[in-house]
Amino acid sequence: VLSGLEAGEQVVTKGNFKIDSALQIQAQPSMMNPGDYYSSRDNVVSQSPSSGTYNAGVLSEAMFYYLTAVKVLSQDDPDETVQNLEMFREKLENLLEAQKWQDVNDGLGMNVKRMIGLLQTLDQNLESLRKSISSVSNILKDIFEKYEYKEDLNLYLSFCPMAFEGQGGYWIQDSEQIANPYFGAKMLQCGEIQKTFGRTMIQTEPK
């Protein structure tokens, strides 16, 4: 300290965590929630035992290829869909190895293994690819609802009640504009966004 204090003045040397916690409670930016973002569960204290320290953001690198696969499937392009799903599977396999989840039989690791299993065999048939996307999307839906997604890019859980002969189908996309992968050009905008995953920007009043 070069200035601003005089000999004998009292200063705080501990208490950063309390200050940071107080800011989080008030939904204000803090060391653990920087950059004017706030997430009600985005801190060590509030993490539940079921989710541990993992969050859905660990899938971010792989999700690029899933999101692209969904997009090109909505354009009725089976070749590009297969290529991106294969890359998605490869990224999941890399994640499995990096996190040492090969022998895990529960939690996030188990769900990653399930998706890898579903993507082992892919063909160029659009209907088959749509079923594969649906099965993977159901697992991703569970992951994103259980393990908080803390990335800046918003993702949108979408649902079409008419897919698969009225059984309905979920998918995740990175745009608010519906692009239905289960009907493609036939009913591209059929469906609705049911939930948004991602950080929430704090709306502060101008000073």
# chains A, B, ... in the order shown; residues from 1 in each chain; ligands from 1
$ select_by_dssp --residues "region 56-171 of chain A" --states "alpha helix (DSSP H)" --output "ChimeraX atom specification"
/A:60-74,78-98,107-118,126-146,163-166
$ residues_around --residues "region 155-172 of chain A" --least-positions-apart "4" --cutoff "12 Å" --atoms "only C-alpha atoms" --output "PyMOL selection string"
chain A and resi 56-57+60+63-71+73-74+127-128+130-145+148-151+176-184+186-200
$ closest_residue --among "A:Leu126, A:Leu5, A:Leu153, A:Leu92" --to "Gln75 (chain A)" --atoms "only C-alpha atoms"
A:Leu126
$ residues_around --residues "Val112 (chain A)" --least-positions-apart "2" --cutoff "12 Å" --atoms "only C-alpha atoms" --output "PyMOL selection string"
chain A and resi 56+58-59+62-63+88-97+99-110+114-119+136-137+139-140+142-143
